[in-house]
file structure_2.cif (mmCIF, C-alpha atoms)
data_work
loop_
_atom_site.label_atom_id
_atom_site.label_comp_id
_atom_site.auth_asym_id
_atom_site.auth_seq_id
_atom_site.Cartn_x
_atom_site.Cartn_y
_atom_site.Cartn_z
CA MET A 1 15.13 -32.34 -20.10
CA ILE A 2 16.24 -28.82 -19.08
CA ASN A 3 14.33 -25.87 -20.55
CA THR A 4 16.90 -23.23 -21.47
CA TYR A 5 16.23 -19.48 -21.52
CA ASP A 6 18.16 -16.22 -21.50
CA ILE A 7 15.98 -14.83 -18.69
CA ILE A 8 13.80 -16.63 -16.18
CA ILE A 9 11.38 -14.48 -14.21
CA VAL A 10 9.96 -16.13 -11.11
CA GLY A 11 6.54 -14.66 -10.32
CA GLY A 12 3.63 -13.95 -12.64
CA GLY A 13 2.49 -10.71 -11.05
CA ALA A 14 2.76 -7.04 -11.96
CA ALA A 15 6.54 -6.77 -11.49
CA GLY A 16 7.26 -10.03 -13.30
CA PHE A 17 5.19 -9.20 -16.37
CA PHE A 18 6.49 -5.63 -16.57
CA THR A 19 10.10 -6.87 -16.43
CA ALA A 20 9.53 -9.50 -19.12
CA ILE A 21 7.69 -7.20 -21.52
CA ASN A 22 10.28 -4.44 -21.22
CA ALA A 23 13.22 -6.82 -21.63
CA ALA A 24 11.68 -8.37 -24.75
CA THR A 25 10.83 -4.91 -26.12
CA LEU A 26 14.44 -3.75 -25.65
CA ASP A 27 15.92 -6.96 -27.13
CA SER A 28 13.59 -9.14 -29.20
CA THR A 29 16.24 -11.89 -29.52
CA LEU A 30 16.02 -12.81 -25.84
CA LYS A 31 14.27 -16.03 -24.89
CA ILE A 32 12.21 -15.24 -21.76
CA ALA A 33 9.98 -17.30 -19.46
CA ILE A 34 7.71 -16.23 -16.61
CA LEU A 35 7.21 -18.98 -14.00
CA GLU A 36 4.05 -18.66 -11.89
CA ARG A 37 3.30 -21.11 -9.06
CA GLY A 38 -0.49 -20.65 -9.24
CA LYS A 39 -3.02 -21.55 -11.90
CA GLU A 40 -3.55 -17.90 -12.82
CA VAL A 41 -1.28 -14.92 -13.38
CA LEU A 42 -1.74 -11.28 -12.32
CA THR A 43 -4.19 -12.13 -9.51
CA LYS A 44 -3.26 -9.07 -7.43
CA VAL A 45 -3.70 -6.81 -10.46
CA ARG A 46 -7.19 -8.27 -10.91
CA ILE A 47 -8.39 -7.32 -7.42
CA SER A 48 -6.49 -4.04 -7.02
CA GLY A 49 -8.59 -0.93 -6.49
CA GLY A 50 -11.77 -2.94 -6.07
CA GLY A 51 -11.27 -4.57 -9.48
CA ARG A 52 -10.44 -1.27 -11.21
CA CYS A 53 -6.63 -1.52 -10.81
CA ASN A 54 -5.03 1.50 -9.19
CA VAL A 55 -2.12 1.64 -11.67
CA THR A 56 -0.16 4.55 -10.16
CA HIS A 57 -0.55 7.95 -8.47
CA ALA A 58 -0.46 11.44 -9.98
CA GLU A 59 2.70 12.56 -8.22
CA PHE A 60 5.35 13.75 -10.67
CA ILE A 61 8.23 14.85 -8.43
CA PRO A 62 10.54 11.94 -7.48
CA LYS A 63 11.30 13.17 -3.95
CA GLU A 64 7.59 13.78 -3.24
CA LEU A 65 6.75 10.34 -4.60
CA THR A 66 9.24 8.66 -2.23
CA GLN A 67 7.41 10.16 0.78
CA ASN A 68 4.72 7.49 0.32
CA TYR A 69 7.06 4.57 1.08
CA PRO A 70 7.54 3.74 4.78
CA ARG A 71 10.25 1.30 3.65
CA GLY A 72 12.28 2.03 0.50
CA LYS A 73 11.96 5.82 0.59
CA LYS A 74 15.71 6.51 0.30
CA GLU A 75 16.46 3.67 -2.12
CA LEU A 76 13.73 4.59 -4.63
CA LEU A 77 14.79 8.22 -5.13
CA GLY A 78 17.39 7.38 -7.80
CA PRO A 79 15.20 4.84 -9.63
CA PHE A 80 12.27 7.31 -9.74
CA HIS A 81 14.51 9.77 -11.58
CA SER A 82 14.85 7.09 -14.28
CA PHE A 83 11.27 5.77 -14.46
CA MET A 84 8.24 7.06 -12.57
CA THR A 85 4.63 8.15 -12.95
CA GLY A 86 4.89 10.05 -16.24
CA ASP A 87 6.80 7.16 -17.80
CA THR A 88 4.17 4.70 -16.56
CA ILE A 89 1.37 6.77 -18.13
CA ALA A 90 3.27 6.98 -21.44
CA TRP A 91 4.10 3.25 -21.38
CA PHE A 92 0.45 2.26 -21.10
CA GLU A 93 -0.68 4.88 -23.62
CA GLU A 94 1.76 3.47 -26.20
CA ARG A 95 -0.06 0.16 -25.77
CA GLY A 96 -3.54 1.65 -26.09
CA VAL A 97 -4.37 1.90 -22.38
CA ILE A 98 -5.36 5.42 -21.31
CA LEU A 99 -5.20 6.28 -17.61
CA LYS A 100 -7.29 8.87 -15.75
CA ILE A 101 -6.62 10.82 -12.56
CA GLU A 102 -9.20 10.78 -9.76
CA GLU A 103 -9.67 13.60 -7.24
CA ASP A 104 -7.43 11.98 -4.63
CA GLY A 105 -4.61 11.49 -7.17
CA ARG A 106 -5.13 7.78 -7.76
CA MET A 107 -4.87 6.71 -11.41
CA PHE A 108 -6.98 4.05 -13.09
CA PRO A 109 -7.58 2.88 -16.66
CA VAL A 110 -10.45 4.88 -18.18
CA SER A 111 -12.30 1.57 -18.54
CA ASP A 112 -12.41 1.29 -14.71
CA SER A 113 -11.50 -2.37 -15.15
CA SER A 114 -8.35 -4.25 -14.16
CA LYS A 115 -9.09 -6.55 -17.11
CA THR A 116 -7.79 -3.76 -19.37
CA ILE A 117 -4.35 -3.95 -17.70
CA ILE A 118 -4.33 -7.75 -17.67
CA ASP A 119 -5.36 -7.96 -21.35
CA CYS A 120 -2.59 -5.48 -22.22
CA PHE A 121 0.05 -7.58 -20.44
CA ILE A 122 -1.16 -10.90 -21.85
CA SER A 123 -1.32 -9.59 -25.43
CA GLU A 124 2.18 -8.10 -25.07
CA THR A 125 3.64 -11.41 -23.84
CA LYS A 126 2.06 -13.19 -26.82
CA ARG A 127 3.26 -10.57 -29.30
CA LEU A 128 6.79 -10.72 -27.90
CA ASN A 129 6.86 -14.56 -27.67
CA ILE A 130 7.37 -14.62 -23.90
CA ASP A 131 6.55 -18.03 -22.40
CA VAL A 132 4.09 -17.74 -19.49
CA LEU A 133 4.14 -21.00 -17.54
CA THR A 134 1.70 -21.62 -14.68
CA GLY A 135 1.73 -24.32 -11.99
CA GLN A 136 5.51 -23.85 -11.57
CA SER A 137 6.19 -23.84 -7.84
CA VAL A 138 9.94 -23.28 -7.41
CA LYS A 139 11.66 -25.88 -5.22
CA SER A 140 15.32 -24.91 -5.65
CA ILE A 141 17.54 -22.24 -7.19
CA SER A 142 21.29 -22.70 -7.77
CA PHE A 143 24.11 -21.01 -9.67
CA LYS A 144 26.92 -22.92 -11.37
CA ASN A 145 29.21 -22.17 -14.33
CA ASP A 146 27.61 -18.76 -14.97
CA THR A 147 24.16 -20.39 -15.23
CA TRP A 148 21.12 -20.25 -12.99
CA ASN A 149 19.26 -23.55 -12.51
CA VAL A 150 15.66 -23.56 -11.31
CA ILE A 151 13.82 -26.74 -10.35
CA THR A 152 10.04 -26.46 -10.03
CA SER A 153 7.42 -28.99 -8.95
CA THR A 154 7.20 -30.28 -12.54
CA GLU A 155 10.23 -29.17 -14.59
CA GLU A 156 13.82 -27.95 -14.66
CA PHE A 157 14.99 -24.66 -16.18
CA SER A 158 18.26 -22.85 -16.81
CA ALA A 159 19.10 -19.26 -17.72
CA THR A 160 21.99 -16.80 -17.61
CA LYS A 161 19.84 -14.21 -15.79
CA ILE A 162 17.16 -14.70 -13.15
CA VAL A 163 14.64 -12.17 -11.84
CA MET A 164 12.80 -12.78 -8.58
CA ALA A 165 9.40 -11.07 -8.60
CA THR A 166 7.41 -13.30 -6.26
CA GLY A 167 6.10 -10.65 -3.87
CA SER A 168 5.85 -11.60 -0.19
CA ASN A 169 6.59 -15.31 -0.46
CA PRO A 170 8.27 -16.85 2.63
CA LYS A 171 9.28 -20.04 0.75
CA VAL A 172 11.14 -18.03 -1.89
CA TRP A 173 12.75 -15.84 0.79
CA LYS A 174 14.09 -19.05 2.38
CA LEU A 175 15.57 -20.16 -0.94
CA LEU A 176 17.26 -16.78 -1.32
CA GLN A 177 18.67 -17.05 2.21
CA THR A 178 20.47 -20.24 1.13
CA LEU A 179 22.18 -18.09 -1.54
CA GLY A 180 23.44 -15.68 1.12
CA HIS A 181 20.69 -13.05 1.17
CA SER A 182 19.16 -11.64 4.37
CA VAL A 183 15.42 -11.28 4.85
CA ILE A 184 13.67 -8.75 7.07
CA PRO A 185 10.82 -10.78 8.67
CA PRO A 186 7.41 -9.82 7.24
CA VAL A 187 4.70 -8.06 9.25
CA PRO A 188 1.28 -6.88 7.97
CA SER A 189 0.97 -3.38 6.53
CA LEU A 190 -2.08 -1.54 5.15
CA PHE A 191 -4.84 -2.74 7.47
CA THR A 192 -7.89 -1.24 9.14
CA PHE A 193 -8.50 -0.96 12.89
CA ASN A 194 -11.08 -3.08 14.73
CA ILE A 195 -12.86 -0.93 17.35
CA GLN A 196 -15.94 -1.80 19.40
CA ASP A 197 -17.21 1.52 20.76
CA GLU A 198 -20.78 2.76 21.19
CA ARG A 199 -19.78 6.23 19.95
CA ILE A 200 -19.29 4.86 16.44
CA SER A 201 -21.28 1.59 16.47
CA ASN A 202 -24.26 3.20 14.70
CA LEU A 203 -22.23 5.34 12.30
CA PRO A 204 -20.85 2.97 9.60
CA GLY A 205 -20.38 4.73 6.28
CA ILE A 206 -19.65 8.15 7.78
CA ALA A 207 -16.46 9.74 6.46
CA THR A 208 -14.76 12.92 7.63
CA GLU A 209 -11.32 14.52 7.75
CA ALA A 210 -9.52 13.77 11.02
CA ALA A 211 -6.11 13.70 12.70
CA VAL A 212 -5.22 10.40 14.37
CA LYS A 213 -2.48 9.48 16.84
CA VAL A 214 -1.41 6.02 17.98
CA LEU A 215 -0.32 6.12 21.61
CA LEU A 216 2.08 3.23 22.25
CA GLU A 217 3.02 1.94 25.71
CA ASN A 218 6.71 2.65 25.08
CA GLY A 219 5.82 6.35 24.78
CA LYS A 220 6.18 6.46 21.00
CA VAL A 221 3.48 8.41 19.15
CA LEU A 222 2.52 7.79 15.48
CA GLU A 223 0.53 10.50 13.72
CA SER A 224 -1.53 10.78 10.53
CA GLU A 225 -4.32 12.86 9.07
CA GLY A 226 -6.75 12.66 6.18
CA PRO A 227 -10.13 11.11 5.41
CA LEU A 228 -11.31 8.70 8.13
CA LEU A 229 -14.08 6.21 7.40
CA ILE A 230 -16.19 4.64 10.14
CA THR A 231 -16.99 1.00 9.30
CA HIS A 232 -19.04 -1.84 10.79
CA TRP A 233 -15.86 -3.18 12.42
CA GLY A 234 -14.15 0.08 13.39
CA MET A 235 -12.18 2.61 11.35
CA SER A 236 -10.59 2.73 7.91
CA GLY A 237 -9.79 5.34 5.26
CA PRO A 238 -6.45 6.95 4.34
CA ALA A 239 -5.84 8.42 7.82
CA ILE A 240 -5.94 4.91 9.33
CA LEU A 241 -4.21 3.09 6.46
CA LYS A 242 -1.27 5.52 6.51
CA LEU A 243 -0.84 4.81 10.24
CA SER A 244 -0.93 1.06 9.65
CA ALA A 245 1.77 1.33 6.97
CA TRP A 246 4.12 3.72 8.75
CA GLY A 247 3.56 1.96 12.06
CA ALA A 248 3.68 -1.63 10.73
CA ARG A 249 6.75 -2.62 12.77
CA ASP A 250 5.63 -0.76 15.92
CA LEU A 251 2.08 -2.14 15.92
CA GLU A 252 2.90 -5.82 15.36
CA PRO A 253 4.44 -6.37 18.85
CA THR A 254 1.23 -4.99 20.46
CA HIS A 255 -0.76 -7.86 18.84
CA TYR A 256 -2.89 -5.01 17.48
CA HIS A 257 -4.18 -3.91 20.88
CA PHE A 258 -3.42 -0.23 21.41
CA THR A 259 -5.03 3.18 21.95
CA ILE A 260 -5.68 5.83 19.31
CA GLU A 261 -6.63 9.45 19.80
CA VAL A 262 -8.83 11.10 17.15
CA ASN A 263 -9.09 14.85 16.63
CA TRP A 264 -12.28 15.19 14.57
CA LEU A 265 -11.34 18.84 13.91
CA LEU A 266 -7.84 18.14 12.51
CA ASP A 267 -5.37 20.72 13.82
CA GLN A 268 -7.66 22.63 16.16
CA SER A 269 -6.61 22.26 19.80
CA TYR A 270 -8.69 21.49 22.89
CA GLU A 271 -8.20 25.10 24.05
CA ASP A 272 -9.29 26.51 20.65
CA ILE A 273 -12.45 24.44 20.66
CA LEU A 274 -13.30 25.13 24.31
CA LYS A 275 -13.24 28.83 23.46
CA ALA A 276 -15.27 28.24 20.28
CA LEU A 277 -17.88 26.30 22.29
CA SER A 278 -18.10 29.12 24.85
CA ASP A 279 -18.72 31.55 21.99
CA LEU A 280 -21.41 29.25 20.55
CA LYS A 281 -23.08 29.12 23.98
CA MET A 282 -23.43 32.91 23.88
CA LYS A 283 -24.41 33.09 20.22
CA HIS A 284 -26.95 30.24 20.11
CA ALA A 285 -28.22 30.32 23.72
CA LYS A 286 -31.73 29.07 22.89
CA GLN A 287 -30.75 26.49 20.26
CA THR A 288 -30.74 22.76 20.95
CA LEU A 289 -27.23 21.34 20.58
CA GLN A 290 -28.31 18.08 18.97
CA LYS A 291 -30.39 19.82 16.29
CA TYR A 292 -27.73 22.02 14.69
CA THR A 293 -24.36 20.55 13.71
CA GLN A 294 -21.25 22.61 14.40
CA PHE A 295 -17.73 22.63 12.90
CA GLU A 296 -19.06 21.12 9.62
CA LEU A 297 -19.02 17.63 11.13
CA PRO A 298 -21.34 14.92 9.78
CA LYS A 299 -24.62 15.34 11.69
CA ARG A 300 -24.78 11.86 13.21
CA LEU A 301 -21.17 12.06 14.37
CA TRP A 302 -21.81 15.43 16.02
CA GLN A 303 -24.90 14.04 17.77
CA SER A 304 -22.96 11.00 18.99
CA LEU A 305 -20.15 13.13 20.45
CA VAL A 306 -22.66 15.47 22.11
CA THR A 307 -24.47 12.48 23.69
CA THR A 308 -21.16 10.97 24.86
CA SER A 309 -20.42 14.27 26.61
CA GLY A 310 -23.51 13.71 28.79
CA ILE A 311 -25.65 16.28 26.97
CA SER A 312 -29.30 15.28 26.44
CA SER A 313 -31.12 15.50 23.10
CA THR A 314 -33.23 18.44 24.33
CA GLN A 315 -30.52 20.49 26.02
CA ILE A 316 -29.99 24.05 24.81
CA TRP A 317 -26.67 25.90 24.70
CA ALA A 318 -27.62 28.31 27.51
CA ASN A 319 -27.97 25.46 30.02
CA LEU A 320 -24.55 23.94 29.36
CA SER A 321 -22.28 23.73 32.38
CA LYS A 322 -18.58 24.46 32.21
CA GLU A 323 -17.93 20.74 32.75
CA SER A 324 -20.17 19.80 29.78
CA LEU A 325 -18.29 22.23 27.54
CA GLN A 326 -14.99 20.71 28.63
CA LEU A 327 -16.24 17.16 28.01
CA LEU A 328 -17.48 18.10 24.53
CA ALA A 329 -14.21 19.89 23.66
CA ASN A 330 -12.39 16.74 24.75
CA GLN A 331 -14.58 14.45 22.61
CA LEU A 332 -14.11 16.71 19.57
CA THR A 333 -10.32 16.97 19.79
CA GLN A 334 -9.07 14.08 21.95
CA SER A 335 -11.47 11.13 21.49
CA LYS A 336 -9.67 8.00 22.67
CA PHE A 337 -10.56 4.59 21.21
CA GLU A 338 -9.25 1.12 22.06
CA VAL A 339 -8.15 -0.88 19.01
CA THR A 340 -8.64 -4.61 19.54
CA GLY A 341 -7.42 -6.09 16.28
CA LYS A 342 -6.96 -5.48 12.57
CA SER A 343 -8.67 -6.37 9.30
CA THR A 344 -7.09 -6.65 5.85
CA PHE A 345 -7.84 -3.61 3.71
CA LYS A 346 -10.26 -4.92 1.07
CA GLU A 347 -8.36 -7.81 -0.58
CA GLU A 348 -5.10 -5.92 -0.93
CA PHE A 349 -2.81 -7.73 1.47
CA VAL A 350 0.50 -5.90 1.77
CA THR A 351 3.40 -6.82 4.03
CA ALA A 352 6.42 -4.92 5.30
CA GLY A 353 9.49 -7.12 5.02
CA GLY A 354 11.59 -8.85 2.40
CA ILE A 355 15.10 -8.86 0.97
CA LYS A 356 17.39 -6.49 2.88
CA LEU A 357 17.79 -3.33 0.82
CA LYS A 358 21.53 -2.95 1.52
CA GLU A 359 22.08 -6.16 -0.46
CA VAL A 360 20.69 -4.67 -3.70
CA ASN A 361 22.20 -2.23 -6.22
CA PHE A 362 19.35 0.20 -6.86
CA LYS A 363 20.79 1.46 -10.14
CA THR A 364 20.03 -1.94 -11.65
CA PHE A 365 18.05 -3.82 -8.93
CA GLU A 366 20.73 -6.53 -9.14
CA SER A 367 21.85 -8.52 -6.11
CA LYS A 368 25.15 -7.41 -4.59
CA ILE A 369 25.64 -10.98 -3.37
CA CYS A 370 24.86 -13.10 -6.46
CA GLN A 371 25.70 -12.06 -10.01
CA ASP A 372 22.90 -11.97 -12.60
CA LEU A 373 20.22 -12.22 -9.89
CA TYR A 374 17.69 -9.37 -9.93
CA PHE A 375 14.69 -8.32 -7.84
CA ALA A 376 11.49 -6.45 -8.69
CA GLY A 377 8.41 -5.55 -6.65
CA GLU A 378 7.42 -6.48 -3.12
CA ILE A 379 9.94 -9.30 -2.72
CA LEU A 380 12.19 -6.47 -1.49
CA ASN A 381 11.69 -4.79 1.89
CA ILE A 382 9.76 -2.00 0.16
CA ASP A 383 6.10 -1.17 0.70
CA ALA A 384 3.87 1.85 0.35
CA ILE A 385 0.69 3.41 1.58
CA THR A 386 -2.46 2.82 -0.46
CA GLY A 387 -3.01 4.79 -3.67
CA GLY A 388 -1.12 3.06 -6.51
CA PHE A 389 2.34 3.44 -4.97
CA ASN A 390 3.08 -0.29 -4.59
CA PHE A 391 2.41 -0.78 -8.31
CA GLN A 392 4.66 2.17 -9.19
CA ASN A 393 7.48 0.43 -7.30
CA ALA A 394 6.81 -2.69 -9.41
CA TRP A 395 6.86 -0.74 -12.70
CA THR A 396 10.03 1.19 -11.82
CA GLY A 397 11.91 -1.88 -10.61
CA GLY A 398 10.77 -4.01 -13.54
CA TYR A 399 11.80 -1.39 -16.08
CA LEU A 400 15.28 -0.85 -14.57
CA VAL A 401 15.88 -4.60 -14.33
CA ALA A 402 14.95 -4.98 -18.01
CA GLN A 403 17.32 -2.16 -18.95
CA ALA A 404 20.18 -3.58 -16.88
CA ILE A 405 19.80 -7.11 -18.28
CA THR A 406 19.54 -6.03 -21.92
CA LYS A 407 22.63 -3.81 -21.58
CA LYS A 408 24.55 -6.83 -20.24
CA SER A 409 23.27 -9.31 -22.83
#

call {"tool": "encode", "arguments": {"input": "structure_2.cif", "output": "structure tokens"}}
result
Amino acid sequence: MINTYDIIIVGGGAAGFFTAINAATLDSTLKIAILERGKEVLTKVRISGGGRCNVTHAEFIPKELTQNYPRGKKELLGPFHSFMTGDTIAWFEERGVILKIEEDGRMFPVSDSSKTIIDCFISETKRLNIDVLTGQSVKSISFKNDTWNVITSTEEFSATKIVMATGSNPKVWKLLQTLGHSVIPPVPSLFTFNIQDERISNLPGIATEAAVKVLLENGKVLESEGPLLITHWGMSGPAILKLSAWGARDLEPTHYHFTIEVNWLLDQSYEDILKALSDLKMKHAKQTLQKYTQFELPKRLWQSLVTTSGISSTQIWANLSKESLQLLANQLTQSKFEVTGKSTFKEEFVTAGGIKLKEVNFKTFESKICQDLYFAGEILNIDAITGGFNFQNAWTGGYLVAQAITKKS
């Protein structure tokens, strides 16, 4: 027996649910099913933001918002003019979910619980009579006589419209390749750097603003700045995560073995700091370097960099040689570290790769190759830095797909 629907949405994640709810809201006569391969839906929503769900980011200018997408920046500009952060906030508010803005711009439900978002989605699917079917691993997708046919591990479905919202799923990408679509091979994005270095081995938990460069063997330099967090395994924080996202394709061929250069004083140059250190030598001649932190650095980090420069714990400024000043200026502005691997950022695994963007009409998120086939979320070659931007892509795509389908129906 074939289960017949108007819309089949493959993927029970953020993009899939948002598409289904919006389509049913716009046209209550539509018969809609969400097919999820796992036992549970919305698993990524559950773990996002450490279980708090980083719903979106407080950036309200479309062009500025696109700057957070290493892949998809150009394509999302038009869609963000139709549905972006303010619309997301209003959408959730209409359904009783109030969002709050944190200092860094990230937005969470005021409950600080992803369960609030999940409960909202589940109650909306029930209210709108959307069928949510789990354990439906898709085995084949075909199109014949203006109808999409989907065979899963247990059942067969048909619909006039199909939405692919499966995220980074290689098996689904392969199925879409049989329909004529191209896939950009996936590589990891949003990861932290593994570094074994005695300068930071005793400093886990220390966070400070820093500028970071990746120095690649081919001469290419990647740059980022922002909060940097020292961890038990190396370095994390926005400065590192931004580099991992923007450099995803450049870093993968290195097998995650490369050199980074950290300027612990952001935009201050070696020459600036050498002069500042010479001035400090005059000003604080009798002070012990280790005792009094300079440049507003965390105390233990300052002490570590001083020690690395060959300066003892009892040495006073007056006794510093020119060479010691140069070594310290170098450590403060040009500290080099060898990265020897990567770690997934928390549990939020993001990949760069997916359906080639030239094959999608970004006014509707419909395939240019197959009629009545739509995409939403990370199944496309779109990904963002951390901070709620990947979810905003899911909400925008899902909303525009829903609009496009209901206008056609």

call {"tool": "resolve_selection", "arguments": {"input": "structure_2.cif", "expression": "the PyMOL selection byres ((chain A and resi 137) around 10)", "output": "PyMOL selection string"}}
result
chain A and resi 10-11+35-38+134-136+138-140+151-155+171-172

call {"tool": "closest_residue", "arguments": {"input": "structure_2.cif", "among": "A:Leu297, A:Ala248, A:Ala15, A:Ile162", "to": "Pro185 of chain A", "atoms": "all atoms listed in the file"}}
result
A:Ala248

call {"tool": "closest_residue", "arguments": {"input": "structure_2.cif", "among": "A:Leu65, A:Leu328, A:Leu133, A:Leu190", "to": "Ser304 of chain A", "atoms": "only C-alpha atoms"}}
result
A:Leu328

call {"tool": "residues_around", "arguments": {"input": "structure_2.cif", "residues": "segment 59-63 of chain A", "least_positions_apart": "2", "cutoff": "10 Å", "atoms": "only C-alpha atoms", "output": "count of residues only"}}
result
23

call {"tool": "residues_around", "arguments": {"input": "structure_2.cif", "residues": "Asn54 of chain A", "least_positions_apart": "3", "cutoff": "6 Å", "atoms": "all atoms listed in the file", "output": "PyMOL selection string"}}
result
chain A and resi 49+107-108+388

call {"tool": "write_last_selection", "arguments": {"input": "structure_2.cif", "atoms": "C-alpha atoms", "output": "compact mmCIF listing (two decimals), in the coordinates of the input"}}
result
# COMPACT_ATOMS: atom_id res chain seq x y z
CA GLY A 49 -8.59 -0.93 -6.49
CA MET A 107 -4.87 6.71 -11.41
CA PHE A 108 -6.98 4.05 -13.09
CA GLY A 388 -1.12 3.06 -6.51

call {"tool": "residues_around", "arguments": {"input": "structure_2.cif", "residues": "Ile117 of chain A", "least_positions_apart": "3", "cutoff": "9 Å", "atoms": "only C-alpha atoms", "output": "list in words"}}
result
Val45, Arg46, Cys53, Val55, Phe92, Val97, Pro109, Ser113, Ser114, Cys120, Phe121 and Ile122 of chain A

call {"tool": "atom_distance", "arguments": {"input": "structure_2.cif", "atom1": "atom CA of Ala207 of chain A", "atom2": "atom CA of Ile316 of chain A"}}
result
26.9 Å

call {"tool": "resolve_selection", "arguments": {"input": "structure_2.cif", "expression": "the PyMOL selection byres ((chain A and resi 290-293) around 12)", "output": "short mmCIF file (atom, residue, chain, number, x, y, z; two decimals) with C-alpha atoms, in the frame of the given file"}}
result
data_model
loop_
_atom_site.label_atom_id
_atom_site.label_comp_id
_atom_site.auth_asym_id
_atom_site.auth_seq_id
_atom_site.Cartn_x
_atom_site.Cartn_y
_atom_site.Cartn_z
CA LEU A 280 -21.41 29.25 20.55
CA HIS A 284 -26.95 30.24 20.11
CA LYS A 286 -31.73 29.07 22.89
CA GLN A 287 -30.75 26.49 20.26
CA THR A 288 -30.74 22.76 20.95
CA LEU A 289 -27.23 21.34 20.58
CA GLN A 294 -21.25 22.61 14.40
CA PHE A 295 -17.73 22.63 12.90
CA GLU A 296 -19.06 21.12 9.62
CA LEU A 297 -19.02 17.63 11.13
CA PRO A 298 -21.34 14.92 9.78
CA LYS A 299 -24.62 15.34 11.69
CA ARG A 300 -24.78 11.86 13.21
CA LEU A 301 -21.17 12.06 14.37
CA TRP A 302 -21.81 15.43 16.02
CA GLN A 303 -24.90 14.04 17.77
CA SER A 304 -22.96 11.00 18.99
CA LEU A 305 -20.15 13.13 20.45
CA VAL A 306 -22.66 15.47 22.11
CA THR A 307 -24.47 12.48 23.69
CA THR A 308 -21.16 10.97 24.86
CA SER A 309 -20.42 14.27 26.61
CA GLY A 310 -23.51 13.71 28.79
CA ILE A 311 -25.65 16.28 26.97
CA SER A 312 -29.30 15.28 26.44
CA SER A 313 -31.12 15.50 23.10
CA THR A 314 -33.23 18.44 24.33
CA GLN A 315 -30.52 20.49 26.02
CA ILE A 316 -29.99 24.05 24.81
CA TRP A 317 -26.67 25.90 24.70
#

call {"tool": "resolve_selection", "arguments": {"input": "structure_2.cif", "expression": "the PyMOL selection byres ((chain A and resi 323) around 12)", "output": "list in words"}}
result
Leu274, Leu277, Ser278, Ser309, Gly310, Ile311, Asn319, Leu320, Ser321, Lys322, Ser324, Leu325, Gln326, Leu327, Leu328, Ala329 and Asn330 of chain A

call {"tool": "decode", "arguments": {"input": "structure_2.cif", "residues": "segment 323-337 of chain A", "atoms": "C-alpha atoms", "output": "PDB file, in the first residue's frame"}}
result
ATOM      1  CA  GLU A 323      67.335  40.027  23.817  1.00  0.00           C
ATOM      2  CA  SER A 324      64.859  39.189  26.624  1.00  0.00           C
ATOM      3  CA  LEU A 325      62.680  42.156  25.645  1.00  0.00           C
ATOM      4  CA  GLN A 326      62.691  40.979  22.035  1.00  0.00           C
ATOM      5  CA  LEU A 327      61.792  37.407  23.024  1.00  0.00           C
ATOM      6  CA  LEU A 328      58.912  38.635  25.201  1.00  0.00           C
ATOM      7  CA  ALA A 329      57.609  40.970  22.471  1.00  0.00           C
ATOM      8  CA  ASN A 330      57.693  37.994  20.119  1.00  0.00           C
ATOM      9  CA  GLN A 331      55.771  35.735  22.524  1.00  0.00           C
ATOM     10  CA  LEU A 332      53.143  38.439  23.088  1.00  0.00           C
ATOM     11  CA  THR A 333      52.501  39.204  19.417  1.00  0.00           C
ATOM     12  CA  GLN A 334      53.783  36.250  17.366  1.00  0.00           C
ATOM     13  CA  SER A 335      53.413  33.079  19.480  1.00  0.00           C
ATOM     14  CA  LYS A 336      53.584  30.100  17.121  1.00  0.00           C
ATOM     15  CA  PHE A 337      51.821  26.838  18.000  1.00  0.00           C
TER      16      PHE A 337
END
